[in-house]
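Novice: Handing you this structure, nothing more for now.
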Amino acid sequence: MSKAVDRFLDAARVRGHDVGVRRFPQGTKTAEDAARAIGCRVGQIVKSLVFVADGHAVLALTSGANRVDTARLALLVGAEEVRRADPFEVRAATGFAIGGTPPFGHPELVDTYLDRDLLAFEEVWAAAGTPDSVFRITPEELRMTTGAVVADFREA
């Protein structure tokens, strides 16, 4: 395992989750790649996307089938401006690199929003600290573990 995956697993254990991490050496850089490797639907992939809302990081746990509408996210978080975080901002907010950012296990709490469309599935898959590692979780466990607000912020 990698140090990033080990940090994620430690955070999962602290939160009471004994997660099994699956590794894909070829990588799972896109939601489509991840779904193909896992053998699930693209909508079951959780993209942990970091945005900057009026200078503060927010995490949008987004279905792999969806794109975030930054105007809707701005309304949701009460911000005038929302933009995608750059790689430095992602690592500063979460402790992980883009492509491997897990939905929890960050050094500090990040305001988190959960794509309502993820609730349609029995299980979903999210990054476990690196671009080639994923873990399975139910949408309700994901919501409870992250403290996420369930919302609709996808592009129409």
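Lettering and numbering for the structure tokens are positional, with chains as A, B, ... in the shown order, residues counted from 1 in each chain, and ligands counted from 1 in the shown order.
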Quick one: residues within 9 Å of Arg15 (chain A), only C-alpha atoms, excluding same-chain residues fewer than 4 positions away - as a list in words?
Specialist: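 Once the adjacent positions are removed, what remains is Asp10, Ala11 and Thr145 of chain A.
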Novice: Using only C-alpha atoms, please write the residues we just selected to a file, as a PDB file, in the first residue's frame.
Specialist:
ATOM      1  CA  ASP A  10      -6.385   4.883   9.504  1.00  0.00           C
ATOM      2  CA  ALA A  11      -9.073   7.576   9.154  1.00  0.00           C
ATOM      3  CA  THR A 145     -19.319   9.485   7.807  1.00  0.00           C
TER       4      THR A 145
END
Novice: Write down as a short mmCIF file (atom, residue, chain, number, x, y, z; two decimals) with N, CA and C atoms, in the first residue's frame the residues belonging to region 4-141 of chain A that are assigned strand (DSSP E or B) by DSSP computed on the backbone.
Specialist:
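For reference, out.cif as written:
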data_model
loop_
_atom_site.label_atom_id
_atom_site.label_comp_id
_atom_site.auth_asym_id
_atom_site.auth_seq_id
_atom_site.Cartn_x
_atom_site.Cartn_y
_atom_site.Cartn_z
N VAL A 21 -9.86 -1.99 0.52
CA VAL A 21 -9.40 -1.19 -0.61
C VAL A 21 -9.04 -2.12 -1.76
N ARG A 22 -9.54 -1.77 -2.93
CA ARG A 22 -9.17 -2.49 -4.16
C ARG A 22 -8.22 -1.62 -4.95
N ARG A 23 -7.17 -2.23 -5.47
CA ARG A 23 -6.16 -1.49 -6.25
C ARG A 23 -6.25 -1.90 -7.70
N ILE A 45 -19.85 5.69 -9.14
CA ILE A 45 -18.53 6.20 -8.79
C ILE A 45 -18.71 7.55 -8.09
N VAL A 46 -18.05 7.73 -6.97
CA VAL A 46 -18.09 8.99 -6.22
C VAL A 46 -16.86 9.79 -6.59
N LYS A 47 -17.08 10.95 -7.21
CA LYS A 47 -15.98 11.86 -7.50
C LYS A 47 -15.91 12.83 -6.32
N SER A 48 -14.77 12.87 -5.63
CA SER A 48 -14.56 13.81 -4.52
C SER A 48 -13.92 15.05 -5.11
N LEU A 49 -14.74 16.04 -5.43
CA LEU A 49 -14.28 17.24 -6.12
C LEU A 49 -14.19 18.42 -5.15
N VAL A 50 -13.04 19.06 -5.14
CA VAL A 50 -12.82 20.20 -4.24
C VAL A 50 -13.03 21.49 -5.02
N PHE A 51 -13.81 22.38 -4.43
CA PHE A 51 -14.06 23.70 -4.99
C PHE A 51 -13.66 24.74 -3.95
N VAL A 52 -13.44 25.96 -4.42
CA VAL A 52 -13.16 27.07 -3.54
C VAL A 52 -14.35 28.02 -3.65
N ALA A 53 -15.01 28.22 -2.50
CA ALA A 53 -16.19 29.08 -2.43
C ALA A 53 -15.85 30.29 -1.57
N HIS A 56 -12.96 29.58 0.66
CA HIS A 56 -13.02 28.41 1.53
C HIS A 56 -13.24 27.14 0.72
N ALA A 57 -12.55 26.08 1.09
CA ALA A 57 -12.70 24.81 0.38
C ALA A 57 -14.03 24.16 0.73
N VAL A 58 -14.68 23.60 -0.28
CA VAL A 58 -15.87 22.77 -0.10
C VAL A 58 -15.67 21.51 -0.94
N LEU A 59 -16.23 20.42 -0.46
CA LEU A 59 -16.10 19.14 -1.13
C LEU A 59 -17.46 18.72 -1.68
N ALA A 60 -17.49 18.45 -2.98
CA ALA A 60 -18.71 17.99 -3.64
C ALA A 60 -18.54 16.52 -4.00
N LEU A 61 -19.24 15.64 -3.29
CA LEU A 61 -19.21 14.21 -3.58
C LEU A 61 -20.24 13.97 -4.68
N THR A 62 -19.74 13.80 -5.89
CA THR A 62 -20.55 13.85 -7.09
C THR A 62 -20.61 12.50 -7.78
N SER A 63 -21.78 12.12 -8.24
CA SER A 63 -21.92 10.89 -9.02
C SER A 63 -21.05 10.98 -10.26
N VAL A 68 -20.65 19.03 -11.91
CA VAL A 68 -21.10 20.03 -10.94
C VAL A 68 -21.42 21.34 -11.64
N VAL A 82 -17.73 30.45 -6.87
CA VAL A 82 -17.26 29.08 -6.67
C VAL A 82 -16.45 28.69 -7.90
N ARG A 83 -15.27 28.13 -7.68
CA ARG A 83 -14.45 27.65 -8.78
C ARG A 83 -13.77 26.35 -8.35
N ARG A 84 -13.34 25.57 -9.36
CA ARG A 84 -12.59 24.34 -9.08
C ARG A 84 -11.30 24.70 -8.38
N ASP A 111 -16.44 21.44 4.57
CA ASP A 111 -17.88 21.41 4.29
C ASP A 111 -18.11 20.51 3.08
N THR A 112 -19.02 19.54 3.26
CA THR A 112 -19.19 18.50 2.25
C THR A 112 -20.64 18.40 1.82
N TYR A 113 -20.84 18.23 0.51
CA TYR A 113 -22.16 18.12 -0.09
C TYR A 113 -22.21 16.83 -0.91
N LEU A 114 -23.30 16.09 -0.76
CA LEU A 114 -23.46 14.79 -1.41
C LEU A 114 -24.50 14.89 -2.51
N ASP A 115 -24.12 14.52 -3.70
CA ASP A 115 -24.99 14.48 -4.87
C ASP A 115 -26.17 13.55 -4.58
N VAL A 124 -21.78 2.44 -3.48
CA VAL A 124 -21.02 3.33 -4.35
C VAL A 124 -19.53 3.10 -4.08
N TRP A 125 -18.70 3.61 -4.98
CA TRP A 125 -17.26 3.40 -4.89
C TRP A 125 -16.55 4.75 -4.93
N ALA A 126 -15.60 4.95 -4.04
CA ALA A 126 -14.87 6.22 -3.96
C ALA A 126 -13.37 5.97 -3.88
N ALA A 127 -12.60 6.99 -4.18
CA ALA A 127 -11.14 6.91 -4.10
C ALA A 127 -10.71 6.68 -2.66
N SER A 133 -6.73 3.39 -6.29
CA SER A 133 -7.35 2.68 -5.17
C SER A 133 -8.77 3.18 -4.93
N VAL A 134 -9.66 2.23 -4.65
CA VAL A 134 -11.06 2.56 -4.39
C VAL A 134 -11.57 1.71 -3.23
N PHE A 135 -12.70 2.14 -2.66
CA PHE A 135 -13.37 1.35 -1.63
C PHE A 135 -14.87 1.46 -1.83
N ARG A 136 -15.58 0.48 -1.30
CA ARG A 136 -17.04 0.41 -1.43
C ARG A 136 -17.67 0.92 -0.14
N ILE A 137 -18.81 1.62 -0.28
CA ILE A 137 -19.55 2.14 0.87
C ILE A 137 -20.99 2.35 0.43
#
Novice: If you run DSSP on this backbone, which residues of region 1-133 of chain A come out as helix (DSSP H, G or I), and could you give them as an MDAnalysis selection string?
Specialist: chainID A and resid 3:14 31:38 42:44 70:77 87:94 116:120
Novice: Taking C-alpha atoms for each residue, export the selection above as a PDB file, in the first residue's frame.
Specialist:
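Once written, result-v1.pdb looks like this:
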ATOM      1  CA  LYS A   3       1.282   6.198   2.538  1.00  0.00           C
ATOM      2  CA  ALA A   4      -1.827   7.982   1.222  1.00  0.00           C
ATOM      3  CA  VAL A   5      -3.892   4.774   1.306  1.00  0.00           C
ATOM      4  CA  ASP A   6      -2.550   3.971   4.790  1.00  0.00           C
ATOM      5  CA  ARG A   7      -3.616   7.445   6.000  1.00  0.00           C
ATOM      6  CA  PHE A   8      -7.059   6.909   4.521  1.00  0.00           C
ATOM      7  CA  LEU A   9      -7.394   3.453   6.123  1.00  0.00           C
ATOM      8  CA  ASP A  10      -6.385   4.883   9.504  1.00  0.00           C
ATOM      9  CA  ALA A  11      -9.073   7.576   9.154  1.00  0.00           C
ATOM     10  CA  ALA A  12     -11.659   4.956   8.156  1.00  0.00           C
ATOM     11  CA  ARG A  13     -10.852   2.824  11.207  1.00  0.00           C
ATOM     12  CA  VAL A  14     -11.161   5.852  13.508  1.00  0.00           C
ATOM     13  CA  ALA A  31     -15.191   7.765 -13.552  1.00  0.00           C
ATOM     14  CA  GLU A  32     -15.604   5.669 -16.690  1.00  0.00           C
ATOM     15  CA  ASP A  33     -12.214   3.980 -16.092  1.00  0.00           C
ATOM     16  CA  ALA A  34     -13.144   3.265 -12.477  1.00  0.00           C
ATOM     17  CA  ALA A  35     -16.571   1.853 -13.357  1.00  0.00           C
ATOM     18  CA  ARG A  36     -15.061  -0.385 -16.041  1.00  0.00           C
ATOM     19  CA  ALA A  37     -12.350  -1.676 -13.663  1.00  0.00           C
ATOM     20  CA  ILE A  38     -14.793  -2.284 -10.793  1.00  0.00           C
ATOM     21  CA  VAL A  42     -20.604   5.088 -13.857  1.00  0.00           C
ATOM     22  CA  GLY A  43     -23.233   6.652 -11.599  1.00  0.00           C
ATOM     23  CA  GLN A  44     -21.935   4.535  -8.684  1.00  0.00           C
ATOM     24  CA  THR A  70     -20.837  25.815  -9.964  1.00  0.00           C
ATOM     25  CA  ALA A  71     -23.671  28.371  -9.982  1.00  0.00           C
ATOM     26  CA  ARG A  72     -25.973  25.903  -8.190  1.00  0.00           C
ATOM     27  CA  LEU A  73     -23.170  25.016  -5.769  1.00  0.00           C
ATOM     28  CA  ALA A  74     -22.610  28.725  -5.053  1.00  0.00           C
ATOM     29  CA  LEU A  75     -26.297  29.154  -4.185  1.00  0.00           C
ATOM     30  CA  LEU A  76     -26.177  26.070  -2.005  1.00  0.00           C
ATOM     31  CA  VAL A  77     -23.151  27.205   0.006  1.00  0.00           C
ATOM     32  CA  PRO A  87      -3.951  20.915  -7.298  1.00  0.00           C
ATOM     33  CA  PHE A  88      -2.218  22.854  -4.499  1.00  0.00           C
ATOM     34  CA  GLU A  89      -5.564  23.903  -2.980  1.00  0.00           C
ATOM     35  CA  VAL A  90      -6.887  20.323  -3.159  1.00  0.00           C
ATOM     36  CA  ARG A  91      -3.860  18.959  -1.310  1.00  0.00           C
ATOM     37  CA  ALA A  92      -3.965  21.809   1.244  1.00  0.00           C
ATOM     38  CA  ALA A  93      -7.664  21.196   1.986  1.00  0.00           C
ATOM     39  CA  THR A  94      -7.681  17.398   1.988  1.00  0.00           C
ATOM     40  CA  ARG A 116     -28.589  13.326  -4.362  1.00  0.00           C
ATOM     41  CA  ASP A 117     -28.246  10.964  -7.359  1.00  0.00           C
ATOM     42  CA  LEU A 118     -25.840   8.751  -5.370  1.00  0.00           C
ATOM     43  CA  LEU A 119     -28.716   7.789  -3.044  1.00  0.00           C
ATOM     44  CA  ALA A 120     -30.280   5.719  -5.845  1.00  0.00           C
TER      45      ALA A 120
END
Novice: List the spatial neighbours of region 129-132 of chain A as a PyMOL selection string - criterion: any atom at most 7 Å away, only C-alpha atoms, same-chain residues fewer than 5 positions off excluded.
Specialist: chain A and resi 4-5+8+23-25+27-29+96+99-102
Novice: Rounded to one decimal place, report the CA of Gly39 (chain A)-CA of Val149 (chain A) distance in Å.
Specialist: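 So the answer is 27.9 Å.
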Novice: Between A:Ala156, A:Val19, A:Cys40, A:Ala148, which residue has the minimum interatomic distance to Pro103 (chain A), considering only C-alpha atoms?
Specialist: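 For Pro103 (chain A), the nearest of the given residues is A:Ala148.
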Novice: Just give me the gap between CA of Ser2 (chain A) and CA of Gly95 (chain A) in Å, one decimal is fine.
Specialist: 13.8 Å
Novice: For Thr138 (chain A), work out the shell of residues within 8 Å, counting only C-alpha atoms and skipping chain neighbours fewer than 2 positions away, then give it as a list in words.
Specialist: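 Once the nearby chain positions are removed, what remains is Phe121, Glu122, Glu123, Val124, Arg136, Glu140, Glu141 and Leu142 of chain A.
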